[in-house]
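Printed here is run.tsv (TSV, C-alpha atoms):
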chain	number	residue	atom	x	y	z
D	19	MET	CA	9.11	37.09	-7.84
D	20	ASN	CA	6.15	34.91	-8.78
D	21	LEU	CA	7.50	31.74	-10.41
D	22	LYS	CA	4.65	31.56	-12.91
D	23	ASN	CA	5.40	35.08	-14.14
D	24	LEU	CA	9.09	34.22	-14.28
D	25	PHE	CA	8.42	31.20	-16.50
D	26	LYS	CA	6.24	33.29	-18.81
D	27	LYS	CA	9.21	35.54	-19.52
D	28	GLN	CA	11.25	32.58	-20.74
D	29	LYS	CA	11.04	31.17	-24.25
D	30	GLY	CA	9.24	28.13	-22.88
D	31	ASP	CA	9.47	25.50	-20.18
D	32	LEU	CA	12.12	22.84	-20.66
D	33	PRO	CA	10.66	19.47	-21.68
D	34	VAL	CA	9.84	17.07	-18.86
D	35	PRO	CA	11.39	13.56	-19.13
D	36	PHE	CA	8.46	11.17	-19.07
D	37	GLN	CA	7.14	8.35	-21.21
D	38	SER	CA	3.44	8.42	-21.98
D	39	ARG	CA	1.64	5.51	-20.39
D	40	ASN	CA	-0.03	3.15	-22.81
D	41	ASN	CA	-2.70	0.49	-22.73
D	42	SER	CA	-0.29	-2.43	-22.39
D	43	PHE	CA	1.27	-0.83	-19.31
D	44	PHE	CA	-2.13	-0.07	-17.82
D	45	ALA	CA	-3.40	-3.62	-18.09
D	46	GLY	CA	-6.31	-3.95	-15.70
D	47	ILE	CA	-6.88	-0.22	-15.19
D	48	GLY	CA	-10.36	0.62	-14.12
D	49	TYR	CA	-10.98	-2.52	-12.08
D	50	GLY	CA	-9.65	-1.43	-8.68
D	51	ASN	CA	-7.13	-4.24	-8.40
D	52	LEU	CA	-4.49	-2.24	-6.49
D	53	PHE	CA	-1.77	-3.44	-8.82
D	54	SER	CA	-2.30	-2.12	-12.35
D	55	LEU	CA	-0.26	1.02	-11.60
D	56	THR	CA	2.87	-0.77	-10.49
D	57	THR	CA	3.64	-3.47	-13.04
D	58	ARG	CA	7.42	-3.74	-12.98
D	59	ARG	CA	10.32	-5.96	-14.00
D	60	LEU	CA	12.54	-5.93	-10.94
D	61	PRO	CA	16.35	-5.91	-11.32
D	62	GLY	CA	17.83	-9.33	-12.07
D	63	SER	CA	14.52	-10.88	-13.11
D	64	GLN	CA	12.24	-11.05	-16.12
D	65	ARG	CA	9.18	-12.04	-14.12
D	66	ASP	CA	6.20	-9.73	-13.71
D	67	TRP	CA	6.38	-9.62	-9.92
D	68	MET	CA	3.35	-7.37	-9.61
D	69	GLN	CA	1.23	-10.01	-11.28
D	70	ILE	CA	2.70	-12.69	-9.01
D	71	ALA	CA	2.19	-10.61	-5.85
D	72	GLY	CA	-1.42	-9.85	-6.83
D	73	ASP	CA	-3.59	-7.52	-4.76
D	74	LEU	CA	-1.08	-5.98	-2.34
D	75	ASP	CA	-3.60	-5.48	0.44
D	76	LEU	CA	-4.34	-9.23	0.54
D	77	ASN	CA	-0.86	-9.95	1.87
D	78	SER	CA	-1.12	-10.28	5.65
D	79	ILE	CA	2.01	-8.21	6.42
D	80	VAL	CA	0.86	-5.34	4.17
D	81	SER	CA	-2.68	-5.47	5.55
D	82	ILE	CA	-1.50	-5.42	9.20
D	83	SER	CA	0.79	-2.47	8.43
D	84	MET	CA	-1.97	-0.51	6.72
D	85	ASP	CA	-4.33	-1.20	9.61
D	86	TYR	CA	-1.81	0.47	11.94
D	87	TYR	CA	-1.88	3.64	9.83
D	88	LEU	CA	-5.65	3.73	9.48
D	89	ARG	CA	-6.31	3.21	13.20
D	90	ASN	CA	-3.78	5.76	14.37
D	91	PHE	CA	-4.72	8.38	11.79
D	92	LEU	CA	-7.83	9.09	13.86
D	93	GLN	CA	-5.74	10.18	16.86
D	94	CYS	CA	-4.79	13.38	15.03
D	95	PRO	CA	-7.61	15.85	14.36
D	96	ILE	CA	-7.21	18.00	11.28
D	97	ARG	CA	-6.66	21.74	11.93
D	98	TYR	CA	-6.42	24.98	9.99
D	99	LYS	CA	-3.75	27.50	11.03
D	100	ARG	CA	-3.29	31.17	10.28
D	101	LYS	CA	-0.21	33.24	11.02
D	102	VAL	CA	-0.59	35.90	13.70
D	103	ASP	CA	2.90	37.28	13.24
D	104	ALA	CA	6.27	36.11	11.95
D	105	ILE	CA	6.61	33.58	14.77
D	106	THR	CA	3.21	32.39	15.98
D	107	SER	CA	0.11	30.91	14.37
D	108	ASP	CA	-3.37	30.23	15.74
D	109	TYR	CA	-6.05	27.71	14.93
D	110	VAL	CA	-9.00	29.22	13.06
D	111	GLU	CA	-12.35	27.85	11.94
D	112	VAL	CA	-12.95	28.09	8.19
D	113	LYS	CA	-15.28	26.52	5.65
D	114	LEU	CA	-12.50	24.26	4.38
D	115	LEU	CA	-12.37	22.46	7.74
D	116	ASP	CA	-16.04	21.52	7.45
D	117	LEU	CA	-15.38	20.12	3.99
D	118	LEU	CA	-12.36	18.06	5.10
D	119	LYS	CA	-14.30	16.64	8.06
D	120	ASN	CA	-17.35	15.84	5.91
D	121	PRO	CA	-15.92	15.37	2.40
D	122	THR	CA	-18.81	13.38	0.93
D	123	ASP	CA	-22.24	11.93	1.67
D	124	ASN	CA	-21.04	8.51	0.52
D	125	ALA	CA	-18.54	7.84	3.32
D	126	THR	CA	-17.62	8.99	6.81
D	127	TYR	CA	-14.48	10.99	7.58
D	128	SER	CA	-12.49	7.92	8.66
D	129	VAL	CA	-13.58	5.79	5.70
D	130	PHE	CA	-12.93	8.47	3.08
D	131	TRP	CA	-9.42	9.27	4.27
D	132	SER	CA	-8.60	5.59	4.78
D	133	TRP	CA	-9.19	5.06	1.06
D	134	VAL	CA	-6.87	7.94	0.22
D	135	ILE	CA	-4.12	6.86	2.65
D	136	LYS	CA	-4.18	3.26	1.46
D	137	ASP	CA	-3.72	4.26	-2.20
D	138	PHE	CA	-0.86	6.58	-1.28
D	139	LYS	CA	1.04	4.03	0.79
D	140	LEU	CA	0.51	1.05	-1.52
D	141	LEU	CA	0.66	2.70	-4.94
D	142	GLY	CA	2.47	5.97	-4.28
D	143	ASN	CA	-0.46	8.00	-5.66
D	144	ALA	CA	-3.82	9.16	-4.34
D	145	PHE	CA	-6.48	11.22	-6.10
D	146	ILE	CA	-9.39	13.36	-4.94
D	147	ARG	CA	-11.81	15.18	-7.22
D	148	LYS	CA	-13.20	18.59	-6.32
D	149	ILE	CA	-16.98	18.70	-6.79
D	150	ARG	CA	-18.15	22.22	-7.71
D	151	VAL	CA	-21.43	24.09	-7.65
D	152	ASN	CA	-21.27	27.54	-9.29
D	153	ASN	CA	-17.49	27.14	-9.33
D	154	GLU	CA	-17.38	26.68	-5.54
D	155	VAL	CA	-15.94	23.45	-4.11
D	156	VAL	CA	-18.74	21.87	-2.08
D	157	ALA	CA	-17.67	18.21	-1.82
D	158	LEU	CA	-14.79	15.83	-2.47
D	159	GLN	CA	-14.82	12.54	-4.37
D	160	TYR	CA	-12.29	9.78	-3.84
D	161	LEU	CA	-10.87	8.46	-7.13
D	162	PRO	CA	-9.07	5.07	-7.03
D	163	ALA	CA	-5.44	5.62	-8.03
D	164	ASP	CA	-5.30	2.65	-10.38
D	165	MET	CA	-8.15	4.16	-12.40
D	166	MET	CA	-6.37	7.45	-13.10
D	167	LYS	CA	-4.21	8.23	-16.11
D	168	PRO	CA	-2.29	11.49	-16.75
D	169	VAL	CA	-2.79	13.24	-20.07
D	170	GLY	CA	-0.12	15.55	-21.48
D	171	ASP	CA	2.44	16.23	-24.16
D	172	LYS	CA	5.98	17.54	-24.44
D	173	ASN	CA	4.80	21.13	-24.03
D	174	GLU	CA	2.48	20.59	-21.06
D	175	TYR	CA	3.24	17.43	-19.17
D	176	ILE	CA	-0.09	17.42	-17.31
D	177	LYS	CA	-2.96	18.87	-19.34
D	178	GLY	CA	-5.59	16.88	-17.49
D	179	TRP	CA	-6.53	13.44	-16.22
D	180	GLN	CA	-8.54	10.51	-17.46
D	181	TYR	CA	-10.67	8.50	-15.05
D	182	ILE	CA	-11.21	5.02	-16.52
D	183	VAL	CA	-13.90	2.70	-15.17
D	184	ASN	CA	-14.65	-0.62	-16.87
D	185	GLY	CA	-13.47	0.75	-20.20
D	186	ALA	CA	-15.39	4.04	-19.98
D	187	VAL	CA	-13.13	7.11	-20.08
D	188	TYR	CA	-13.98	10.38	-18.32
D	189	ASP	CA	-11.86	13.48	-18.94
D	190	LEU	CA	-11.11	15.64	-15.89
D	191	ASP	CA	-9.69	19.17	-15.72
D	192	LYS	CA	-6.42	19.22	-13.81
D	193	LYS	CA	-7.64	22.05	-11.54
D	194	ASP	CA	-10.40	19.71	-10.33
D	195	VAL	CA	-8.02	16.93	-9.29
D	196	ILE	CA	-5.92	16.79	-6.11
D	197	HIS	CA	-2.95	14.50	-6.71
D	198	TRP	CA	-0.98	13.26	-3.71
D	199	ARG	CA	2.16	11.42	-4.81
D	200	TYR	CA	5.20	9.83	-3.25
D	201	GLY	CA	8.41	11.04	-4.92
D	202	ARG	CA	8.41	10.19	-8.60
D	203	ASP	CA	8.05	7.15	-10.78
D	204	THR	CA	11.20	6.87	-12.88
D	205	TYR	CA	9.04	5.61	-15.74
D	206	ASP	CA	6.76	8.65	-15.63
D	207	MET	CA	7.61	11.62	-13.41
D	208	ARG	CA	3.99	12.76	-13.39
D	209	MET	CA	3.25	9.86	-11.07
D	210	GLY	CA	4.62	8.78	-7.71
D	211	ARG	CA	5.93	5.36	-6.74
D	212	SER	CA	5.57	3.55	-3.43
D	213	PRO	CA	8.74	2.03	-1.87
D	214	LEU	CA	6.63	-1.11	-1.53
D	215	VAL	CA	7.21	-1.81	-5.25
D	216	SER	CA	10.80	-2.79	-4.42
D	217	CYS	CA	9.44	-5.51	-2.08
D	218	LEU	CA	7.25	-7.32	-4.60
D	219	ARG	CA	9.50	-10.40	-4.45
D	220	GLU	CA	9.27	-10.43	-0.65
D	221	ILE	CA	5.48	-10.14	-0.81
D	222	SER	CA	5.33	-13.01	-3.31
D	223	THR	CA	7.68	-15.08	-1.13
D	224	ASP	CA	5.52	-14.55	1.95
D	225	ASN	CA	2.36	-15.47	0.04
D	226	ALA	CA	4.01	-18.65	-1.23
D	227	ALA	CA	5.35	-19.56	2.22
D	228	ALA	CA	1.87	-19.16	3.70
D	229	SER	CA	0.43	-21.49	1.05
D	230	ILE	CA	3.16	-24.06	1.67
D	231	SER	CA	2.51	-23.93	5.42
D	232	TYR	CA	-1.17	-24.52	4.81
D	233	GLY	CA	-0.38	-27.43	2.49
D	234	PHE	CA	1.74	-29.08	5.15
D	235	MET	CA	-0.91	-28.69	7.83
D	236	ALA	CA	-3.71	-29.84	5.55
D	237	ASN	CA	-1.67	-32.98	4.87
D	238	ASN	CA	-0.78	-33.68	8.52
D	239	ALA	CA	2.53	-31.82	8.12
D	240	MET	CA	3.83	-34.68	5.98
D	241	PRO	CA	6.21	-33.97	3.11
D	242	SER	CA	5.26	-35.26	-0.32
D	243	ILE	CA	6.06	-38.92	-0.89
D	244	ILE	CA	6.44	-41.31	-3.81
D	245	LEU	CA	5.05	-44.81	-3.22
D	246	GLY	CA	5.77	-47.70	-5.53
D	247	PRO	CA	5.97	-51.51	-5.53
D	248	ASP	CA	9.08	-53.01	-3.93
D	249	ALA	CA	10.00	-55.32	-6.77
D	250	ASN	CA	13.57	-56.30	-5.78
D	251	ASP	CA	15.02	-55.27	-9.14
D	252	GLN	CA	12.17	-56.92	-11.02
D	253	THR	CA	9.83	-55.04	-13.32
D	254	VAL	CA	6.37	-54.80	-11.82
D	255	ASP	CA	3.47	-52.97	-13.43
D	256	ILE	CA	0.44	-51.79	-11.49
D	257	SER	CA	-2.72	-50.57	-13.10
D	258	GLU	CA	-3.88	-46.96	-12.99
D	259	ASP	CA	-6.91	-48.05	-10.95
D	260	ASP	CA	-4.73	-49.79	-8.37
D	261	ALA	CA	-2.44	-46.75	-8.10
D	262	ARG	CA	-5.40	-44.42	-7.52
D	263	THR	CA	-6.81	-46.81	-4.92
D	264	VAL	CA	-3.53	-46.88	-2.97
D	265	LYS	CA	-3.23	-43.09	-3.11
D	266	ARG	CA	-6.80	-42.64	-1.90
D	267	ARG	CA	-6.29	-45.06	1.00
D	268	LEU	CA	-3.14	-43.29	2.16
D	269	GLN	CA	-4.84	-39.89	2.00
D	270	GLN	CA	-7.82	-41.19	3.96
D	271	ASP	CA	-5.65	-42.87	6.62
D	272	PHE	CA	-3.07	-40.13	7.20
D	273	THR	CA	-4.69	-36.73	6.57
D	274	GLY	CA	-7.53	-34.62	7.94
D	275	ASP	CA	-9.53	-36.17	10.78
D	276	ASN	CA	-7.57	-39.44	10.37
D	277	ALA	CA	-4.14	-37.88	10.93
D	278	GLY	CA	-1.92	-40.39	12.72
D	279	GLY	CA	-3.93	-43.36	11.48
D	280	ILE	CA	-2.67	-46.81	10.46
D	281	ALA	CA	-2.54	-48.26	6.97
D	282	VAL	CA	-1.88	-51.94	6.15
D	283	MET	CA	-0.63	-52.67	2.66
D	284	THR	CA	-1.50	-55.99	1.01
D	285	GLY	CA	1.74	-56.17	-0.93
D	286	PRO	CA	5.40	-55.07	-0.75
D	287	PHE	CA	5.74	-51.32	-1.28
D	288	LYS	CA	8.55	-48.88	-0.76
D	289	MET	CA	8.21	-45.19	0.06
D	290	GLU	CA	10.55	-42.34	-0.87
D	291	ARG	CA	10.25	-38.75	0.25
D	292	ALA	CA	9.86	-36.24	-2.59
D	293	SER	CA	10.09	-32.96	-0.66
D	294	TRP	CA	11.64	-31.40	2.41
D	295	SER	CA	10.05	-31.46	5.84
D	296	PRO	CA	8.85	-28.17	7.40
D	297	GLU	CA	11.91	-28.12	9.67
D	298	GLU	CA	14.28	-28.56	6.73
D	299	MET	CA	12.57	-25.80	4.79
D	300	ASN	CA	12.82	-23.44	7.81
D	301	LEU	CA	9.51	-21.80	6.98
D	302	GLU	CA	9.63	-19.64	10.10
D	303	GLY	CA	12.97	-18.13	9.07
D	304	LEU	CA	11.78	-17.86	5.47
D	305	ARG	CA	8.91	-15.59	6.56
D	306	ARG	CA	10.99	-13.35	8.86
D	307	LEU	CA	12.96	-11.55	6.11
D	308	PRO	CA	9.85	-10.51	4.14
D	309	GLU	CA	8.29	-9.26	7.39
D	310	GLU	CA	11.23	-6.97	8.07
D	311	ARG	CA	11.60	-5.57	4.56
D	312	ILE	CA	7.92	-5.09	3.75
D	313	VAL	CA	7.21	-3.34	7.05
D	314	SER	CA	10.30	-1.15	6.67
D	315	ALA	CA	9.24	-0.12	3.16
D	316	LEU	CA	5.94	1.05	4.67
D	317	GLY	CA	7.76	3.20	7.24
D	318	LEU	CA	7.02	1.04	10.31
D	319	ASN	CA	8.81	-1.62	12.37
D	320	VAL	CA	7.95	-5.24	13.09
D	321	MET	CA	7.91	-4.84	16.87
D	322	VAL	CA	5.09	-2.30	16.91
D	323	LEU	CA	2.99	-4.58	14.69
D	324	GLY	CA	3.51	-7.65	16.90
D	325	LEU	CA	5.10	-9.69	14.11
D	326	GLY	CA	7.40	-12.58	14.88
D	327	ALA	CA	10.57	-10.92	13.61
D	328	GLY	CA	10.20	-8.23	16.29
D	329	LEU	CA	8.93	-10.28	19.23
D	330	ASP	CA	12.24	-12.10	19.84
D	331	HIS	CA	13.77	-8.92	21.24
D	332	SER	CA	10.63	-7.27	22.56
D	333	THR	CA	10.57	-5.70	26.01
D	334	TYR	CA	8.29	-3.04	27.44
D	335	SER	CA	10.88	-0.29	27.02
D	336	ASN	CA	11.73	-1.48	23.50
D	337	TYR	CA	8.05	-1.50	22.60
D	338	GLU	CA	7.60	2.09	23.77
D	339	ARG	CA	10.56	3.15	21.65
D	340	ALA	CA	9.21	1.17	18.71
D	341	GLN	CA	5.88	2.99	19.00
D	342	GLN	CA	7.66	6.34	19.03
D	343	ALA	CA	9.75	5.36	16.01
D	344	ALA	CA	6.67	4.20	14.10
D	345	TRP	CA	5.08	7.59	14.60
D	346	GLU	CA	8.21	9.62	13.87
D	347	ASP	CA	9.23	7.59	10.80
D	348	GLY	CA	5.82	6.59	9.50
D	349	VAL	CA	2.64	8.27	10.70
D	350	VAL	CA	3.91	11.84	11.19
D	351	PRO	CA	5.58	12.10	7.74
D	352	LEU	CA	2.41	10.67	6.19
D	353	LEU	CA	0.24	13.31	7.89
D	354	ASN	CA	2.65	16.11	6.99
D	355	GLN	CA	2.64	15.08	3.32
D	356	LEU	CA	-1.16	14.96	3.24
D	357	ALA	CA	-1.48	18.35	4.97
D	358	GLU	CA	1.04	19.90	2.57
D	359	THR	CA	-0.86	18.59	-0.46
D	360	LEU	CA	-4.22	19.82	0.81
D	361	THR	CA	-2.75	23.23	1.61
D	362	ALA	CA	-1.20	23.62	-1.83
D	363	GLN	CA	-4.01	22.17	-3.95
D	364	LEU	CA	-7.21	22.95	-2.07
D	365	ALA	CA	-6.94	25.72	0.55
D	366	TRP	CA	-6.66	28.55	-2.01
D	367	GLU	CA	-10.06	27.62	-3.48
D	368	PHE	CA	-11.90	29.25	-0.54
D	369	SER	CA	-12.71	32.94	-0.16
D	370	ASP	CA	-11.53	33.09	3.47
D	371	TYR	CA	-8.05	31.84	2.55
D	372	GLN	CA	-5.19	34.19	3.41
D	373	ALA	CA	-1.57	33.98	2.28
D	374	GLY	CA	0.38	31.88	4.75
D	375	ASP	CA	-2.59	29.76	5.90
D	376	TYR	CA	-1.88	26.08	6.17
D	377	ILE	CA	-3.40	22.76	7.21
D	378	GLU	CA	-1.89	20.48	9.83
D	379	PHE	CA	-2.80	17.46	11.96
D	380	ASP	CA	-2.80	18.01	15.71
D	381	LEU	CA	-0.36	15.60	17.43
D	382	THR	CA	-0.89	16.95	20.95
D	383	ASN	CA	-2.80	13.93	22.29
D	384	VAL	CA	-0.68	11.21	20.68
D	385	ARG	CA	0.60	9.15	23.60
D	386	ALA	CA	3.65	7.80	21.74
D	387	LEU	CA	4.86	11.39	21.15
D	388	LYS	CA	4.15	12.80	24.62
D	389	ASP	CA	7.85	13.20	25.45
D	390	ASP	CA	8.43	15.20	22.27
D	391	VAL	CA	5.37	17.39	22.86
D	392	ILE	CA	6.48	18.16	26.45
D	393	GLU	CA	10.03	18.91	25.32
D	394	ASN	CA	8.86	21.26	22.55
D	395	SER	CA	6.58	23.14	24.95
D	396	LYS	CA	9.46	24.05	27.32

Since I need it in another form, could you write the structure as structure tokens?
Amino acid sequence: MNLKNLFKKQKGDLPVPFQSRNNSFFAGIGYGNLFSLTTRRLPGSQRDWMQIAGDLDLNSIVSISMDYYLRNFLQCPIRYKRKVDAITSDYVEVKLLDLLKNPTDNATYSVFWSWVIKDFKLLGNAFIRKIRVNNEVVALQYLPADMMKPVGDKNEYIKGWQYIVNGAVYDLDKKDVIHWRYGRDTYDMRMGRSPLVSCLREISTDNAAASISYGFMANNAMPSIILGPDANDQTVDISEDDARTVKRRLQQDFTGDNAGGIAVMTGPFKMERASWSPEEMNLEGLRRLPEERIVSALGLNVMVLGLGAGLDHSTYSNYERAQQAAWEDGVVPLLNQLAETLTAQLAWEFSDYQAGDYIEFDLTNVRALKDDVIENSK
């Protein structure tokens, strides 16, 4: 029985548990910052870790991971399949394929879908608008996920969407919007949530560790020091001008192009260290844990990305297995989710659609999956 007809026979749909999003939650919406959707207070902390982490794609681990997806996405051509009988299906050429391969005049195939994939993986939501002429879908428009807001009430939890750009609000009909989401956001079930949100602390830690490493290198890898007069228990005052002069001389003699230089003091001074050395801070170890967790949240592994946490145990055979795992656990599920969404929300719009048609990505020529392809063909 058709589910829609079944629901019509009931007294009414049960209410959906969601909280309407408000302006304070959507701080920054409409500016494409890749973080306004995911503001969260993580367990055990009152900090706004999304604000601390900043633009997710500017973290090197996240960016390297996303680059893996975007490069390998192109290995799998998009196909349209139609059932021949209860068991087999054949590839067919339909108008929808032309649209998916050339979705817009403003971007190429690879660029358009890279925008969509990045939003989905980083924010857990991706949006595409159907452009119509005489009610026929003729083009697709990418809509940044952090500029989209669901509109609904207790009777109809999605009545439409609002697209918000620099304060201007545009109302969109829900039938004109393709929404690709990851699971559900426990704050608002109309939206998805990326597993990356749980790693905001790790992203912030890695960003901070990178800044600390730079600070050490920019200062000749010297920990911070406190320099003062050696007064032998006597009170000695030095002027502000003298203190600035001593500080400037030490910076000139020991940092930058003069690293390893010599300084001669004209009076008795004593020096005390005010911070740990790089070895004591174990910055290398401090960056390994974020690498592992961030990459895992994105469905990949550190070995296939060439990150330090995976290179310690890397061998040729391990690398091959890591590539296979990255495809099986990351790329293939991503492509299946995208194909499922396009089939459910777009394929039916075309006159040559038949019940049972579906979209898929062809994995035949993916080298990392060759063993699986050969085994399935036997």

Nearest-residue call for Tyr98 of chain D, choices D:Ala343, D:Ile182, D:Leu360, D:Val129, using all atoms listed in the file: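 With all atoms listed in the file as the atom set, the closest residue is D:Leu360.
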
Could you tell me how far atom CA of Pro168 of chain D sits from atom CA of Trp133 of chain D, in Å to one decimal place?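 The value is 20.2 Å.
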
From D:Val80, D:Val112, D:Ala344, D:Asp206, residue lying nearest Arg100 of chain D [only C-alpha atoms]: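 Checking each candidate against Arg100 of chain D, we get D:Val112 as the closest.
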
Using only C-alpha atoms, find the one residue out of D:Gln363, D:Ser132, D:Thr382, D:Gln64 that sits nearest to Arg147 of chain D.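 For Arg147 of chain D, the nearest of the given residues is D:Gln363.
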
Separation of atom CA of Tyr200 of chain D and atom CA of Asn143 of chain D, in Å?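 Those two atoms sit 6.4 Å apart.
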
Write out as an NGL selection string each polymer residue whose atoms come within 8 Å of segment 211-225 of chain D, counting only C-alpha atoms; drop sequence neighbours fewer than 4 positions from it. :D and (56 or 58 or 60 or 67-68 or 70-71 or 74 or 77 or 138-143 or 199-203 or 229 or 304-305 or 307-308 or 311-312 or 315-316)

Near segment 85-88 of chain D, 9 Å: segment 97-170 of chain D residue rows, closest pairs, only C-alpha atoms, as a tab-separated table:
residue	atom	partner	partner_atom	distance
D:Ser128	CA	D:Leu88	CA	8.1
D:Trp131	CA	D:Leu88	CA	8.5
D:Ser132	CA	D:Leu88	CA	5.9
D:Ile135	CA	D:Leu88	CA	7.7
D:Lys136	CA	D:Leu88	CA	8.2

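Using all atoms listed in the file, the smallest distance between any of D:Val151, D:Ile377, D:Met84, D:Leu323 and Asp137 of chain D comes from D:Met84.
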
Hey, can you check how far atom CA of Arg306 of chain D sits from atom CA of Ile82 of chain D?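 About the pair atom CA of Arg306 of chain D and atom CA of Ile82 of chain D: they are 14.8 Å apart.
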
Using all atoms listed in the file for the distances, tell me which of D:Asn120, D:Asp191, D:Leu387, D:Trp198 is nearest to Gln355 of chain D.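 Nearest to Gln355 of chain D: D:Trp198.
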
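Distances to Met209 of chain D were evaluated for D:Lys172, D:Arg385, D:Lys167, D:Arg267 using all atoms listed in the file, and the minimum falls at D:Lys167.
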